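Q: Below is the structure I would like to discuss, written out as structure tokens.
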Amino acid sequence: MAKIPFRTSVVAAAACAALPLAGTMTAHAQARTQAAALFQSCQQIRQHVPSAPNGIYLLYNGQKLFTVYCADMATAPKEYVILARTGQSVNYSQYTAGGGSPGTNVRTRFTRLRLDPATFTVDIGDLKYASSTGSLQHGGTTTVTSMPYAVAMSCTSAPDGRANIDLRNTALKVDNTFGTSGLGATGTADIDPTAQVVNLQGGGFCGWIMPTPVRYNPFNPSPGMPNLKLDCAARSRFSISLNLCLNLTQAARNSVRVSRQGDRQVVRQGGRPVAELGLDGRVRSVR
């Protein structure tokens, strides 16, 4: 899989190939084989640097320059957004029990979101970094124990379901519409002016509200629900949390440079440093 091409100077550097660092290589040999480059995915990082560990990396998808958390680097690398705000009442989805679905409220809370770096879409059904409480019988027949991200549902003939998206202190915002479905479905999506916080209320008999495209009975999810499109927020970087997201115009893309400086790589855009990376690609700082 090819690396993202830049202008001639960077393409030439990438052509040197970012080879794996073997334990027996001398520092001088490592310096010759380790090239400056950016990649499109965590999988590409692993292909070029097999020893790269889990951590925060900088990716470039042709339009955006952004950081992600690369998980499962030793097996099947995947990209995640680290949520800065977590807890009982933020970044959760809830199917509220009662009416036609007796039991206890099913609430799923998230600490990281699975991101497709090519489309910048969240797989709301990925629960790798989520935990759930409660259990109910949907329509009195199907046991529900978990919910996808950003879904509010109930079966009480009222919008009693609740959900929250909170991307504050990340460099991201929501770029998606929301819709309702189900029998007698009603719901609202209260989106704040920054598009970083969304509060959802939804329900029916049974009904729900979720990011479009709306899916049928979106409970007990599994990966494969790319439903929530994100974009770079107005505040594009947080140095403490190593969060960065830049939308690049064509001119800006042509001005991206990656240079090797000793044991680090410096990423510049328009001549200005925006990030510093280790030789394994992990982010050391954003500016």
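Labels used: A, B, ... for chains in the order of the structure tokens, numbers from 1 for residues in each chain, and numbers from 1 for ligands as shown.
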Residues of range 29-230 of chain A classed as strand (DSSP E or B) by DSSP on the backbone are to be reported as a ChimeraX atom specification.

A: /A:39,55-60,64-71,78-82,92-96,98,101,103,106-110,112-116,121-123,130-133,136-138,142-144,152-154,158-166,172-174,178-182,186-191,197-204,207-211,226-230

Q: What's around Pro148 in chain A at 12 Å? Count only C-alpha atoms, leave out sequence neighbours fewer than 2 positions away in its own chain, and write the answer as a VMD selection string.

A: chain A and resid 91 to 95 106 to 110 113 to 114 122 to 132 144 to 146 150 to 153 163 to 165 208 to 211 215 217 to 228

Q: Using only C-alpha atoms, which protein or nucleic acid residues come within 12 Å of Asp175 in chain A? Drop anything in the same chain fewer than 2 positions from it, and give the result as a list in words.

A: Thr119, Phe120, Thr121, Val122, Leu167, Leu172, Lys173, Thr177, Phe178, Ile191, Thr194, Ala195, Gln196, Val197, Val198, Pro211, Thr212, Asn227, Leu228, Lys229, Leu230, Asp231, Cys232 and Ala233 of chain A

Q: Kindly indicate which residue among A:Arg235, A:Arg162, A:Arg260, A:Arg168 lies nearest to Asn199 in chain A, using only C-alpha atoms for the distances.

A: A:Arg162

Q: Please produce, as a tab-separated table, a per-residue contact table for range 92-194 of chain A versus range 45-59 of chain A (criterion: any atom at most 12 Å away, only C-alpha atoms considered), showing the nearest atom pair and its distance in Å to one decimal, sorted by chain then residue number.

A:
```
residue	atom	partner	partner_atom	distance
A:Leu115	CA	A:Leu59	CA	11.9
A:Asp116	CA	A:Leu59	CA	11.4
A:Pro117	CA	A:Leu59	CA	7.9
A:Ala118	CA	A:Leu59	CA	9.9
A:Phe120	CA	A:Leu59	CA	11.5
```

Q: Just the number, please: distance in Å from CA of Gly140 in chain A to CA of Cys206 in chain A, one decimal.

A: 11.0 Å

Q: Compare A:Thr86, A:Gln40, A:Thr104, A:Gly278 by their minimum atom-to-atom distance to Asn61 in chain A, counting only C-alpha atoms, and give me the closest one.

A: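 Of the candidates, the smallest distance to Asn61 in chain A is held by A:Gln40.
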
Q: What's around Arg264 in chain A at 9 Å? Count only C-alpha atoms, leave out sequence neighbours fewer than 3 positions away in its own chain, and write the answer as a PyMOL selection string.

A: chain A and resi 259-261+276-281+284

Q: Please produce an output containing N, CA, C and O atoms for each residue in the selection, written as a tab-separated table (two decimals), in the first residue's frame.

A:
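Output contents, as saved in selection19.tsv:
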```tsv
chain	number	residue	atom	x	y	z
A	259	SER	N	10.85	16.29	7.72
A	259	SER	CA	12.30	16.23	7.67
A	259	SER	C	12.85	15.47	8.87
A	259	SER	O	12.29	15.53	9.96
A	260	ARG	N	13.93	14.75	8.63
A	260	ARG	CA	14.61	14.00	9.68
A	260	ARG	C	15.62	14.91	10.36
A	260	ARG	O	16.44	15.55	9.70
A	261	GLN	N	15.58	14.98	11.68
A	261	GLN	CA	16.53	15.77	12.45
A	261	GLN	C	17.00	14.92	13.63
A	261	GLN	O	16.36	14.88	14.67
A	276	GLU	N	6.06	17.12	16.10
A	276	GLU	CA	7.34	16.46	16.18
A	276	GLU	C	7.09	14.98	16.47
A	276	GLU	O	6.32	14.64	17.37
A	277	LEU	N	7.74	14.10	15.69
A	277	LEU	CA	7.54	12.67	15.79
A	277	LEU	C	8.84	11.96	16.15
A	277	LEU	O	9.93	12.46	15.86
A	278	GLY	N	8.70	10.78	16.76
A	278	GLY	CA	9.85	9.92	16.94
A	278	GLY	C	10.12	9.17	15.65
A	278	GLY	O	9.34	9.25	14.69
A	279	LEU	N	11.19	8.41	15.60
A	279	LEU	CA	11.50	7.66	14.38
A	279	LEU	C	10.50	6.54	14.13
A	279	LEU	O	10.39	6.06	13.01
A	280	ASP	N	9.78	6.10	15.18
A	280	ASP	CA	8.75	5.08	14.97
A	280	ASP	C	7.42	5.70	14.55
A	280	ASP	O	6.44	5.00	14.37
A	281	GLY	N	7.40	7.03	14.39
A	281	GLY	CA	6.19	7.71	13.95
A	281	GLY	C	5.31	8.23	15.06
A	281	GLY	O	4.39	9.01	14.81
A	284	ARG	N	5.44	13.12	19.47
A	284	ARG	CA	6.08	13.62	20.69
A	284	ARG	C	5.46	14.92	21.15
A	284	ARG	O	5.32	15.18	22.34
```

Q: Contacts between range 242-258 of chain A and range 57-158 of chain A, please, where a residue of range 57-158 of chain A counts if it comes within 7 Å (with only C-alpha atoms); show its shortest atom pair and distance in Å to one decimal, rows by chain and ascending number, as CSV.

A:
```
residue,atom,partner,partner_atom,distance
A:Gln63,CA,A:Leu248,CA,5.5
A:Lys64,CA,A:Asn247,CA,4.7
A:Leu65,CA,A:Leu246,CA,5.1
A:Phe66,CA,A:Cys245,CA,4.2
A:Thr67,CA,A:Leu244,CA,5.4
```
